[in-house]
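> Dumping the structure here so I can ask a few things about it.
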Number of protein chains: 2
Amino acid sequence: MSATIKDVAQSAGVSFKTVSRVMNGEEGVRDSTRKKVQDAATTLNFQINTSARNLRRRGSNLIALIISNPSRSYIENIQIGAMEWCSRNGFHLVVEDVSAHPKGLSDLLSRGAMAGVILIPPMSDDPDIQRQLIDKSIPFVRIAPETANDKAPSVRIDDRAAAREMTKKLITLGHSRIGLITGPSEFGVSRNRLAGYRDALVESGLTIEETLICEGAFSYPSGQSCTSDLFDLPAPPTAIFASNDDMAAGAIAETYRRGIAVPADVTIVGYDDVAVASVISPPLSTVRQPLKDMAAQAAALLLARIRDAQSEPQHIILPHSLVMRASHGPCGKT
Amino acid sequence: MSATIKDVAQSAGVSFKTVSRVMNGEEGVRDSTRKKVQDAATTLNFQINTSARNLRRRGSNLIALIISNPSRSYIENIQIGAMEWCSRNGFHLVVEDVSAHPKGLSDLLSRGAMAGVILIPPMSDDPDIQRQLIDKSIPFVRIAPETANDKAPSVRIDDRAAAREMTKKLITLGHSRIGLITGPSEFGVSRNRLAGYRDALVESGLTIEETLICEGAFSYPSGQSCTSDLFDLPAPPTAIFASNDDMAAGAIAETYRRGIAVPADVTIVGYDDVAVASVISPPLSTVRQPLKDMAAQAAALLLARIRDAQSEPQHIILPHSLVMRASHGPCGKT
DNA sequence: TTGTAGGCGTTATCAT
DNA sequence: ATGATAACGCCTACAA
């Protein structure tokens with residue numbers, strides 16, 4: 001079929017090892033020889049065989065991003081950050097959804113196939129997957145794990161502090177009955193954000209009402225139904241803090257459906273700052289986390305572990321910020 | 001490091017070929033032998049080496065989805081459809097963005113790396129990429145190409161008919177000044193949708209005003225600015241048909257910004273029916289195309305070509321429909 | 001039903 | 001600066 005390095009070698013009148021050197025940009029090849037080889041390669045339309053290279057090198061230029069269903073907009077940003085890093089660093093990104101077909105994962109992780117793996121919530125907190133990875137000695141990195149450990153590097157923001165700040169912001173606006181829509185409890189980030197919410201209330205001397213806390217699924221419909229439940233309370237909240245933007249968008253939709261105005265009648269804020277936050281109306285006030293950066297930095301930490309499995313796992317905390325757009329306002333009610 | 005097929009063979013007391021047979025689920029192995037081998041493989045934590053297998057088989061279990069920047073929501077649905085198909089059929093999906101780092105593509109397409117490639121707009125109409133793929137004899141499939149050809153299979157909806165139907169629908173509602181926000185002209189789908197728009201106007205005996213046609217970029221901001229231009233016209237349109245939902249969302253935002261109500265004062269409709277369509281308010285009336293199905297069927301057609309490069313390329317046209325939500329209404333003005 | 005020989009295309013090692 | 005030889009781990013072809 002297509003040409004191999006031996007064909008190129010013959011055509012260029014050198015040994016195939018020399019071709020190998022040229023293809024890998026190694027030193028110690030005379031310029032004239034190099035040129036001869038390059039010309040021959042171009043003429044023969046030579047393409048290196050990745051399988052053969054990987055077999056011999058015991059390596060791969062593939063990084064896997066393991067995802068599960070919930071928030072597509074979250075994944076989208078992570079994926080973009082990871083893809084950009086990959087293309088700048090000679091890797092390619094394999095995206096695998098394990099929620100559908102769990103058996104795909106073990107195939108994906110067959111020996112030598114992936115140079116490394118990026119885990120996002122909820123897999124970053126999944127002990128099974130991590131043990132699997134460790135057993136196969138595949139380097140991995142965790143994005144937004146509940147807590148850092150010494151098995152793998154990690155990248156995160158300080159979710160607890162961020163949730164605390166946003167809650168305090170709402171309190172500053174005069175709100176004292178603040179509904180919280182959490183993510184599923186198996187997500188470490190959900191627990192951390194809930195803790196931050198509690199921190200703020202306690203620090204401000206407010207009582208924590210468990211009925212104001214509703215567990216969502218990080219999805220738009222779950223934002224709607226939690227909001228519905230909150231409004232059906234005898235004393236509904238004057239502000240709702242959703243643990244991601246998708247749920248906040250659902251909350252706003254449900255609010256409108258009931259003829260309640262945002263932010264005039266009720267304040268709604270989100271978390272993540274993904275695309276939907278600037279597209280809905282009113283534009284969403286939210287916690288911004290630098291998802292693309294997080295993914296890029298995660299990939300970089302992963303590379304360090306790919307290069308040297310013994311290197312100390314690093315843990316990075318990136319800065320977050322509050323992006324106050326137009327979905328919040330002062331508390332109207334007493 | 002980890003076990004090879006030979007280690008398993010020794011441990012099970014059979015030849016390595018037998019192990020190979022078991023690992024590939026081939027017939028002609030006594031059940032007792034099979035069990036012995038499986039046990040040994042489990043004990044040794046054996047994982048097949050994909051590089052060695054691919055090298056020998058001259059194959060790969062990787063399918064590449066080549067994307068470029070514009071509409072992330074479009075890509076999202078295509079990607080989900082392709083991923084699901086892949087995990088059901090023993091493949092994995094590599095997602096590569098060529099808009100950033102074009103050189104990544106040639107590396108990705110190195111010999112044997114990818115079993116096949118899925119092209120979406122605008123790459124489905126890019127002659128360079130197609131020639132490259134043909135030169136390397138990598139099977140590929142085109143999603144939503146401008147026209148089908150005999151080089152590769154394709155999957156699409158009838159964009160021209162769909163755009164015509166939506167335009168007619170608006171005409172039926174009494175609109176005669178209908179603005180069209182097209183996609184970039186290098187997209188075949190843009191040209192087809194534009195043609196359908198013209199078809200409808202001509203068939204209805206309306207004149208085509210070129211000033212009512214504005215070229216967008218398939219992005220939210222471009223939807224805003226085109227809409228702004230349309231409203232600045234001496235005689236603005238009473239309805240706007242955006243060639244994708246992102247631009248329609250931008251159009252609605254710009255409309256609100258000017259204090260104009262949707263759909264009371266102006267009708268706005270989109271195209272694609274992606275997530276944003278049901279999340280914004282009012283919920284968007286739009287042309288639905290079955291993106292996930294399209295991707296899954298594309299992958300299936302691709303597989304046929306991977307299995308037999310000589311097989312006749314198939315061309316599938318999937319049904320579309322109009323999803324009339326709440327962003328349209330009758331024409332108020334004369 | 002099971003086993004043996006050989007090679008896929010590349011890189012590592014060691015020589016020249 | 002360049003080349004010969006030997007793996008990497010698996011599968012195909014053929015043999016027993």
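Each chain in the structure tokens gets a letter, A, B, ..., in the order shown, and its residues are numbered from 1; ligands are numbered from 1 in order too.
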With only C-alpha atoms (C1' of nucleotides) counted and 8 Å as the cut-off, give the residues of chain D in contact with chain A, each with its shortest interatomic distance in Å and the pair that gives it, as a Markdown table.

```
| residue | atom | partner | partner_atom | distance |
| --- | --- | --- | --- | --- |
| D:DA1 | C1' | A:Val29 | CA | 6.0 |
| D:DT2 | C1' | A:Thr18 | CA | 6.9 |
| D:DG3 | C1' | A:Ser15 | CA | 6.3 |
| D:DC8 | C1' | A:Arg56 | CA | 4.6 |
| D:DG9 | C1' | A:Leu55 | CA | 7.6 |
```
> Output C-alpha atoms (C1' of nucleotides) of each residue in that selection to a file, as a compact mmCIF listing (two decimals), in the first residue's frame.

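What follows is the written file out_3.txt:
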```txt
# COMPACT_ATOMS: atom_id res chain seq x y z
C1' DA D 1 27.48 10.48 10.52
C1' DT D 2 25.52 6.15 9.21
C1' DG D 3 24.28 1.23 9.24
C1' DC D 8 8.16 -4.51 20.51
C1' DG D 9 3.35 -7.92 20.83
```
> Write out as a PyMOL selection string the residues lying within 12 Å of region 3-10 of chain A, counting only C-alpha atoms (C1' of nucleotides) and excluding same-chain residues fewer than 2 positions away.
(chain A and resi 1+12-24+33-34+36-50+52-53) or (chain B and resi 110-112+136) or (chain C and resi 8-11) or (chain D and resi 3)
> Could you go through region 50-178 of chain B and tell me which residues DSSP, when run on the backbone, assigns to strand (DSSP E), listing them as a ChimeraX atom specification?
/B:62-67,92-97,116-119,140-143,154-157,178
> Keeping only N, CA and C atoms, write the selected residues to a file as a PDB file, in the first residue's frame.

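Resulting contents of again_39.pdb:
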```
ATOM      1  N   LEU B  62     -10.255   3.507  15.967  1.00  0.00           N
ATOM      2  CA  LEU B  62     -10.466   4.925  16.217  1.00  0.00           C
ATOM      3  C   LEU B  62     -11.131   5.589  15.016  1.00  0.00           C
ATOM      4  N   ILE B  63     -12.132   6.396  15.311  1.00  0.00           N
ATOM      5  CA  ILE B  63     -12.766   7.190  14.266  1.00  0.00           C
ATOM      6  C   ILE B  63     -12.578   8.647  14.636  1.00  0.00           C
ATOM      7  N   ALA B  64     -12.200   9.441  13.664  1.00  0.00           N
ATOM      8  CA  ALA B  64     -11.941  10.851  13.949  1.00  0.00           C
ATOM      9  C   ALA B  64     -13.129  11.708  13.539  1.00  0.00           C
ATOM     10  N   LEU B  65     -13.485  12.621  14.404  1.00  0.00           N
ATOM     11  CA  LEU B  65     -14.488  13.622  14.060  1.00  0.00           C
ATOM     12  C   LEU B  65     -13.742  14.938  13.898  1.00  0.00           C
ATOM     13  N   ILE B  66     -13.726  15.432  12.679  1.00  0.00           N
ATOM     14  CA  ILE B  66     -12.971  16.654  12.398  1.00  0.00           C
ATOM     15  C   ILE B  66     -13.893  17.847  12.539  1.00  0.00           C
ATOM     16  N   ILE B  67     -13.534  18.764  13.423  1.00  0.00           N
ATOM     17  CA  ILE B  67     -14.412  19.915  13.616  1.00  0.00           C
ATOM     18  C   ILE B  67     -13.663  21.220  13.406  1.00  0.00           C
ATOM     19  N   HIS B  92     -13.755   4.049  19.142  1.00  0.00           N
ATOM     20  CA  HIS B  92     -13.641   5.204  20.023  1.00  0.00           C
ATOM     21  C   HIS B  92     -13.522   6.444  19.156  1.00  0.00           C
ATOM     22  N   LEU B  93     -13.934   7.565  19.723  1.00  0.00           N
ATOM     23  CA  LEU B  93     -14.000   8.783  18.925  1.00  0.00           C
ATOM     24  C   LEU B  93     -12.884   9.761  19.297  1.00  0.00           C
ATOM     25  N   VAL B  94     -12.123  10.147  18.296  1.00  0.00           N
ATOM     26  CA  VAL B  94     -11.105  11.179  18.477  1.00  0.00           C
ATOM     27  C   VAL B  94     -11.661  12.474  17.909  1.00  0.00           C
ATOM     28  N   VAL B  95     -11.696  13.519  18.711  1.00  0.00           N
ATOM     29  CA  VAL B  95     -12.230  14.789  18.235  1.00  0.00           C
ATOM     30  C   VAL B  95     -11.075  15.753  17.999  1.00  0.00           C
ATOM     31  N   GLU B  96     -10.991  16.262  16.795  1.00  0.00           N
ATOM     32  CA  GLU B  96      -9.861  17.113  16.443  1.00  0.00           C
ATOM     33  C   GLU B  96     -10.368  18.434  15.877  1.00  0.00           C
ATOM     34  N   ASP B  97      -9.937  19.527  16.478  1.00  0.00           N
ATOM     35  CA  ASP B  97     -10.310  20.842  15.982  1.00  0.00           C
ATOM     36  C   ASP B  97      -9.202  21.348  15.071  1.00  0.00           C
ATOM     37  N   GLY B 116     -11.273   5.611  10.167  1.00  0.00           N
ATOM     38  CA  GLY B 116     -12.092   6.415   9.272  1.00  0.00           C
ATOM     39  C   GLY B 116     -12.302   7.806   9.837  1.00  0.00           C
ATOM     40  N   VAL B 117     -12.889   8.671   9.039  1.00  0.00           N
ATOM     41  CA  VAL B 117     -13.047  10.071   9.424  1.00  0.00           C
ATOM     42  C   VAL B 117     -14.461  10.545   9.113  1.00  0.00           C
ATOM     43  N   ILE B 118     -15.012  11.310  10.062  1.00  0.00           N
ATOM     44  CA  ILE B 118     -16.316  11.934   9.847  1.00  0.00           C
ATOM     45  C   ILE B 118     -16.108  13.428   9.622  1.00  0.00           C
ATOM     46  N   LEU B 119     -16.653  13.910   8.542  1.00  0.00           N
ATOM     47  CA  LEU B 119     -16.511  15.325   8.196  1.00  0.00           C
ATOM     48  C   LEU B 119     -17.836  16.042   8.381  1.00  0.00           C
ATOM     49  N   PHE B 140     -13.881   7.941   4.557  1.00  0.00           N
ATOM     50  CA  PHE B 140     -14.520   9.061   5.248  1.00  0.00           C
ATOM     51  C   PHE B 140     -15.976   9.167   4.827  1.00  0.00           C
ATOM     52  N   VAL B 141     -16.708   9.923   5.645  1.00  0.00           N
ATOM     53  CA  VAL B 141     -18.125  10.138   5.368  1.00  0.00           C
ATOM     54  C   VAL B 141     -18.394  11.625   5.549  1.00  0.00           C
ATOM     55  N   ARG B 142     -19.311  12.157   4.781  1.00  0.00           N
ATOM     56  CA  ARG B 142     -19.605  13.589   4.855  1.00  0.00           C
ATOM     57  C   ARG B 142     -20.994  13.813   5.437  1.00  0.00           C
ATOM     58  N   ILE B 143     -21.048  14.657   6.440  1.00  0.00           N
ATOM     59  CA  ILE B 143     -22.342  15.033   6.997  1.00  0.00           C
ATOM     60  C   ILE B 143     -22.733  16.383   6.418  1.00  0.00           C
ATOM     61  N   SER B 154     -22.627   9.897   2.352  1.00  0.00           N
ATOM     62  CA  SER B 154     -23.035  11.134   3.012  1.00  0.00           C
ATOM     63  C   SER B 154     -24.382  10.972   3.698  1.00  0.00           C
ATOM     64  N   VAL B 155     -24.593  11.824   4.688  1.00  0.00           N
ATOM     65  CA  VAL B 155     -25.872  11.879   5.394  1.00  0.00           C
ATOM     66  C   VAL B 155     -26.286  13.338   5.490  1.00  0.00           C
ATOM     67  N   ARG B 156     -27.532  13.611   5.262  1.00  0.00           N
ATOM     68  CA  ARG B 156     -27.998  14.991   5.282  1.00  0.00           C
ATOM     69  C   ARG B 156     -29.495  15.031   5.497  1.00  0.00           C
ATOM     70  N   ILE B 157     -30.016  16.262   5.676  1.00  0.00           N
ATOM     71  CA  ILE B 157     -31.446  16.445   5.469  1.00  0.00           C
ATOM     72  C   ILE B 157     -31.566  17.258   4.185  1.00  0.00           C
ATOM     73  N   ILE B 178     -39.444  39.198   5.056  1.00  0.00           N
ATOM     74  CA  ILE B 178     -38.790  38.193   5.897  1.00  0.00           C
ATOM     75  C   ILE B 178     -37.277  38.318   5.784  1.00  0.00           C
TER      76      ILE B 178
END
```
> With 10 Å as the cut-off and only C-alpha atoms (C1' of nucleotides) counted, what is the closest atom pair between each nearby residue of chain C and chain B? Distances in Å to one decimal, ordered by chain and number, as JSON lines.

```
{"residue": "C:DT1", "atom": "C1'", "partner": "B:Gly28", "partner_atom": "CA", "distance": 6.2}
{"residue": "C:DT2", "atom": "C1'", "partner": "B:Thr18", "partner_atom": "CA", "distance": 7.0}
{"residue": "C:DG3", "atom": "C1'", "partner": "B:Ser15", "partner_atom": "CA", "distance": 6.4}
{"residue": "C:DT4", "atom": "C1'", "partner": "B:Lys17", "partner_atom": "CA", "distance": 9.4}
{"residue": "C:DG7", "atom": "C1'", "partner": "B:Arg56", "partner_atom": "CA", "distance": 8.7}
{"residue": "C:DC8", "atom": "C1'", "partner": "B:Arg56", "partner_atom": "CA", "distance": 4.8}
{"residue": "C:DG9", "atom": "C1'", "partner": "B:Leu55", "partner_atom": "CA", "distance": 7.7}
```
> Residues within 10 Å of region 309-325 of chain B, please, as a PDB file with N, CA and C atoms, in the first residue's frame. Count only C-alpha atoms (C1' of nucleotides); anything in the same chain fewer than 6 positions from it doesn't count.

```
ATOM      1  N   SER B 137      -5.891   7.058   1.304  1.00  0.00           N
ATOM      2  CA  SER B 137      -6.925   6.023   1.307  1.00  0.00           C
ATOM      3  C   SER B 137      -7.488   5.764   2.696  1.00  0.00           C
ATOM      4  N   ILE B 138      -7.919   6.843   3.328  1.00  0.00           N
ATOM      5  CA  ILE B 138      -8.638   6.739   4.592  1.00  0.00           C
ATOM      6  C   ILE B 138     -10.125   6.911   4.297  1.00  0.00           C
ATOM      7  N   PRO B 139     -10.930   5.937   4.688  1.00  0.00           N
ATOM      8  CA  PRO B 139     -12.371   6.052   4.441  1.00  0.00           C
ATOM      9  C   PRO B 139     -12.939   7.263   5.183  1.00  0.00           C
ATOM     10  N   PHE B 140     -13.881   7.941   4.557  1.00  0.00           N
ATOM     11  CA  PHE B 140     -14.520   9.061   5.248  1.00  0.00           C
ATOM     12  C   PHE B 140     -15.976   9.167   4.827  1.00  0.00           C
ATOM     13  N   VAL B 141     -16.708   9.923   5.645  1.00  0.00           N
ATOM     14  CA  VAL B 141     -18.125  10.138   5.368  1.00  0.00           C
ATOM     15  C   VAL B 141     -18.394  11.625   5.549  1.00  0.00           C
ATOM     16  N   ARG B 142     -19.311  12.157   4.781  1.00  0.00           N
ATOM     17  CA  ARG B 142     -19.605  13.589   4.855  1.00  0.00           C
ATOM     18  C   ARG B 142     -20.994  13.813   5.437  1.00  0.00           C
ATOM     19  N   ILE B 143     -21.048  14.657   6.440  1.00  0.00           N
ATOM     20  CA  ILE B 143     -22.342  15.033   6.997  1.00  0.00           C
ATOM     21  C   ILE B 143     -22.733  16.383   6.418  1.00  0.00           C
ATOM     22  N   ALA B 144     -23.946  16.451   5.884  1.00  0.00           N
ATOM     23  CA  ALA B 144     -24.486  17.697   5.343  1.00  0.00           C
ATOM     24  C   ALA B 144     -23.566  18.368   4.330  1.00  0.00           C
ATOM     25  N   ALA B 148     -23.984  15.524  -2.905  1.00  0.00           N
ATOM     26  CA  ALA B 148     -23.380  14.194  -2.760  1.00  0.00           C
ATOM     27  C   ALA B 148     -22.416  13.948  -3.916  1.00  0.00           C
ATOM     28  N   ASN B 149     -21.411  13.142  -3.673  1.00  0.00           N
ATOM     29  CA  ASN B 149     -20.553  12.718  -4.771  1.00  0.00           C
ATOM     30  C   ASN B 149     -20.221  11.243  -4.604  1.00  0.00           C
ATOM     31  N   ASP B 150     -19.423  10.719  -5.507  1.00  0.00           N
ATOM     32  CA  ASP B 150     -19.173   9.280  -5.463  1.00  0.00           C
ATOM     33  C   ASP B 150     -17.874   8.934  -4.752  1.00  0.00           C
ATOM     34  N   LYS B 151     -17.260   9.925  -4.102  1.00  0.00           N
ATOM     35  CA  LYS B 151     -16.019   9.671  -3.381  1.00  0.00           C
ATOM     36  C   LYS B 151     -16.261   9.122  -1.985  1.00  0.00           C
ATOM     37  N   ALA B 152     -17.403   9.508  -1.436  1.00  0.00           N
ATOM     38  CA  ALA B 152     -17.662   9.126  -0.050  1.00  0.00           C
ATOM     39  C   ALA B 152     -19.158   9.107   0.207  1.00  0.00           C
ATOM     40  N   PRO B 153     -19.599   8.297   1.155  1.00  0.00           N
ATOM     41  CA  PRO B 153     -21.005   8.312   1.520  1.00  0.00           C
ATOM     42  C   PRO B 153     -21.361   9.629   2.210  1.00  0.00           C
ATOM     43  N   SER B 154     -22.627   9.897   2.352  1.00  0.00           N
ATOM     44  CA  SER B 154     -23.035  11.134   3.012  1.00  0.00           C
ATOM     45  C   SER B 154     -24.382  10.972   3.698  1.00  0.00           C
ATOM     46  N   VAL B 155     -24.593  11.824   4.688  1.00  0.00           N
ATOM     47  CA  VAL B 155     -25.872  11.879   5.394  1.00  0.00           C
ATOM     48  C   VAL B 155     -26.286  13.338   5.490  1.00  0.00           C
ATOM     49  N   ARG B 156     -27.532  13.611   5.262  1.00  0.00           N
ATOM     50  CA  ARG B 156     -27.998  14.991   5.282  1.00  0.00           C
ATOM     51  C   ARG B 156     -29.495  15.031   5.497  1.00  0.00           C
ATOM     52  N   ILE B 157     -30.016  16.262   5.676  1.00  0.00           N
ATOM     53  CA  ILE B 157     -31.446  16.445   5.469  1.00  0.00           C
ATOM     54  C   ILE B 157     -31.566  17.258   4.185  1.00  0.00           C
ATOM     55  N   ASP B 158     -32.756  17.435   3.691  1.00  0.00           N
ATOM     56  CA  ASP B 158     -32.935  18.257   2.500  1.00  0.00           C
ATOM     57  C   ASP B 158     -33.035  19.708   2.946  1.00  0.00           C
ATOM     58  N   ASP B 159     -31.889  20.350   3.042  1.00  0.00           N
ATOM     59  CA  ASP B 159     -31.847  21.705   3.595  1.00  0.00           C
ATOM     60  C   ASP B 159     -32.664  22.693   2.772  1.00  0.00           C
ATOM     61  N   ALA B 161     -35.315  22.116   0.905  1.00  0.00           N
ATOM     62  CA  ALA B 161     -36.744  21.920   1.143  1.00  0.00           C
ATOM     63  C   ALA B 161     -37.141  22.412   2.533  1.00  0.00           C
ATOM     64  N   ALA B 162     -36.291  22.152   3.510  1.00  0.00           N
ATOM     65  CA  ALA B 162     -36.606  22.548   4.884  1.00  0.00           C
ATOM     66  C   ALA B 162     -36.695  24.066   5.006  1.00  0.00           C
ATOM     67  N   ALA B 163     -35.725  24.753   4.417  1.00  0.00           N
ATOM     68  CA  ALA B 163     -35.734  26.219   4.487  1.00  0.00           C
ATOM     69  C   ALA B 163     -36.942  26.770   3.737  1.00  0.00           C
ATOM     70  N   GLU B 165     -39.839  25.278   3.395  1.00  0.00           N
ATOM     71  CA  GLU B 165     -41.027  25.044   4.224  1.00  0.00           C
ATOM     72  C   GLU B 165     -41.160  26.072   5.333  1.00  0.00           C
ATOM     73  N   MET B 166     -40.054  26.332   5.990  1.00  0.00           N
ATOM     74  CA  MET B 166     -40.118  27.306   7.084  1.00  0.00           C
ATOM     75  C   MET B 166     -40.476  28.688   6.549  1.00  0.00           C
ATOM     76  N   LYS B 169     -44.050  28.808   5.795  1.00  0.00           N
ATOM     77  CA  LYS B 169     -44.804  28.895   7.041  1.00  0.00           C
ATOM     78  C   LYS B 169     -44.922  30.350   7.485  1.00  0.00           C
ATOM     79  N   VAL B 269     -37.306  32.869  13.907  1.00  0.00           N
ATOM     80  CA  VAL B 269     -37.203  31.404  13.883  1.00  0.00           C
ATOM     81  C   VAL B 269     -35.774  30.994  13.573  1.00  0.00           C
ATOM     82  N   GLY B 270     -35.456  29.764  13.958  1.00  0.00           N
ATOM     83  CA  GLY B 270     -34.085  29.285  13.801  1.00  0.00           C
ATOM     84  C   GLY B 270     -33.993  28.021  12.969  1.00  0.00           C
ATOM     85  N   TYR B 271     -32.904  27.314  13.187  1.00  0.00           N
ATOM     86  CA  TYR B 271     -32.621  26.123  12.378  1.00  0.00           C
ATOM     87  C   TYR B 271     -31.679  25.235  13.173  1.00  0.00           C
ATOM     88  N   ASP B 272     -31.983  23.974  13.275  1.00  0.00           N
ATOM     89  CA  ASP B 272     -31.173  22.927  13.923  1.00  0.00           C
ATOM     90  C   ASP B 272     -31.922  22.224  15.054  1.00  0.00           C
ATOM     91  N   ASP B 273     -32.557  23.034  15.905  1.00  0.00           N
ATOM     92  CA  ASP B 273     -33.168  22.518  17.125  1.00  0.00           C
ATOM     93  C   ASP B 273     -32.135  21.919  18.070  1.00  0.00           C
ATOM     94  N   ALA B 277     -32.343  26.177  21.823  1.00  0.00           N
ATOM     95  CA  ALA B 277     -33.672  26.495  21.313  1.00  0.00           C
ATOM     96  C   ALA B 277     -34.752  26.333  22.372  1.00  0.00           C
ATOM     97  N   SER B 278     -34.607  25.369  23.254  1.00  0.00           N
ATOM     98  CA  SER B 278     -35.652  25.167  24.264  1.00  0.00           C
ATOM     99  C   SER B 278     -35.336  25.880  25.566  1.00  0.00           C
ATOM    100  N   PRO B 282     -38.599  33.699  24.219  1.00  0.00           N
ATOM    101  CA  PRO B 282     -39.509  32.556  24.173  1.00  0.00           C
ATOM    102  C   PRO B 282     -38.828  31.339  23.552  1.00  0.00           C
ATOM    103  N   PRO B 283     -39.301  30.146  23.888  1.00  0.00           N
ATOM    104  CA  PRO B 283     -38.766  28.949  23.233  1.00  0.00           C
ATOM    105  C   PRO B 283     -38.831  29.103  21.726  1.00  0.00           C
ATOM    106  N   LEU B 284     -37.772  28.720  21.096  1.00  0.00           N
ATOM    107  CA  LEU B 284     -37.586  29.016  19.683  1.00  0.00           C
ATOM    108  C   LEU B 284     -38.352  28.075  18.750  1.00  0.00           C
ATOM    109  N   SER B 285     -39.039  28.675  17.800  1.00  0.00           N
ATOM    110  CA  SER B 285     -39.601  27.890  16.695  1.00  0.00           C
ATOM    111  C   SER B 285     -38.465  27.677  15.711  1.00  0.00           C
ATOM    112  N   THR B 286     -38.310  26.438  15.261  1.00  0.00           N
ATOM    113  CA  THR B 286     -37.098  26.149  14.493  1.00  0.00           C
ATOM    114  C   THR B 286     -37.271  24.937  13.594  1.00  0.00           C
ATOM    115  N   VAL B 287     -36.325  24.753  12.709  1.00  0.00           N
ATOM    116  CA  VAL B 287     -36.312  23.554  11.867  1.00  0.00           C
ATOM    117  C   VAL B 287     -35.526  22.488  12.620  1.00  0.00           C
ATOM    118  N   ARG B 288     -36.152  21.364  12.809  1.00  0.00           N
ATOM    119  CA  ARG B 288     -35.444  20.306  13.524  1.00  0.00           C
ATOM    120  C   ARG B 288     -34.730  19.382  12.554  1.00  0.00           C
ATOM    121  N   GLN B 289     -33.415  19.225  12.774  1.00  0.00           N
ATOM    122  CA  GLN B 289     -32.741  18.163  12.043  1.00  0.00           C
ATOM    123  C   GLN B 289     -32.189  17.180  13.067  1.00  0.00           C
ATOM    124  N   PRO B 290     -32.285  15.891  12.763  1.00  0.00           N
ATOM    125  CA  PRO B 290     -31.942  14.847  13.727  1.00  0.00           C
ATOM    126  C   PRO B 290     -30.431  14.629  13.788  1.00  0.00           C
ATOM    127  N   LEU B 291     -29.727  15.568  14.417  1.00  0.00           N
ATOM    128  CA  LEU B 291     -28.264  15.559  14.356  1.00  0.00           C
ATOM    129  C   LEU B 291     -27.633  14.292  14.924  1.00  0.00           C
ATOM    130  N   ASP B 293     -28.939  11.283  15.155  1.00  0.00           N
ATOM    131  CA  ASP B 293     -29.176  10.210  14.182  1.00  0.00           C
ATOM    132  C   ASP B 293     -28.277  10.344  12.974  1.00  0.00           C
ATOM    133  N   MET B 294     -28.147  11.579  12.501  1.00  0.00           N
ATOM    134  CA  MET B 294     -27.314  11.789  11.324  1.00  0.00           C
ATOM    135  C   MET B 294     -25.901  11.284  11.581  1.00  0.00           C
ATOM    136  N   GLN B 297     -25.858   7.415  11.792  1.00  0.00           N
ATOM    137  CA  GLN B 297     -25.964   6.802  10.471  1.00  0.00           C
ATOM    138  C   GLN B 297     -24.700   7.045   9.660  1.00  0.00           C
ATOM    139  N   ALA B 298     -24.118   8.195   9.835  1.00  0.00           N
ATOM    140  CA  ALA B 298     -22.861   8.482   9.126  1.00  0.00           C
ATOM    141  C   ALA B 298     -21.802   7.477   9.549  1.00  0.00           C
ATOM    142  N   LEU B 301     -22.439   4.185   7.848  1.00  0.00           N
ATOM    143  CA  LEU B 301     -22.007   4.184   6.441  1.00  0.00           C
ATOM    144  C   LEU B 301     -20.487   4.126   6.349  1.00  0.00           C
ATOM    145  N   LEU B 302     -19.854   4.819   7.286  1.00  0.00           N
ATOM    146  CA  LEU B 302     -18.393   4.817   7.305  1.00  0.00           C
ATOM    147  C   LEU B 302     -17.865   3.414   7.543  1.00  0.00           C
ATOM    148  N   LEU B 303     -18.509   2.724   8.458  1.00  0.00           N
ATOM    149  CA  LEU B 303     -18.067   1.364   8.776  1.00  0.00           C
ATOM    150  C   LEU B 303     -18.125   0.465   7.542  1.00  0.00           C
TER     151      LEU B 303
END
```
> Among the residues of region 43-230 of chain B, find those DSSP assigns to alpha helix (DSSP H) from the backbone and print them as number ranges by chain.
B: 43, 50-57, 72-88, 103-108, 127-135, 159-172, 188-203, 220-230
> When you count only C-alpha atoms, which of these residues is closest to chain B: A:Glu203, A:Asp31, A:Glu146, A:Asp245?
A:Asp245
> Neighbours of Ser190 (chain A) within 12 Å (only C-alpha atoms (C1' of nucleotides); same-chain residues fewer than 5 positions away dropped), as a ChimeraX atom specification?
/A:121-122,125,144-146,159-160,163,180-185,195-197,213-218,242-244,271
> Separation of CA of Thr255 (chain B) and CA of Ser281 (chain A), in Å?
11.8 Å
> Choose the residue, out of A:Val279, A:Ile240, A:Met123, A:Ala304, that has the smallest atom-to-atom separation from chain B; count only C-alpha atoms.
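Answer, going by the shortest atom-to-atom distance: A:Val279.
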> Report as a list in words all protein, DNA and RNA residues lying within 10 Å of Arg198 (chain A), evaluated on only C-alpha atoms (C1' of nucleotides), omitting residues in the same chain fewer than 4 positions from it.
Arg160, Ala163, Arg164, Thr167, Leu180, Asn192, Arg193, Leu194, Val202, Glu203, Ser204, Leu206, Thr207, Ile208 and Glu209 of chain A
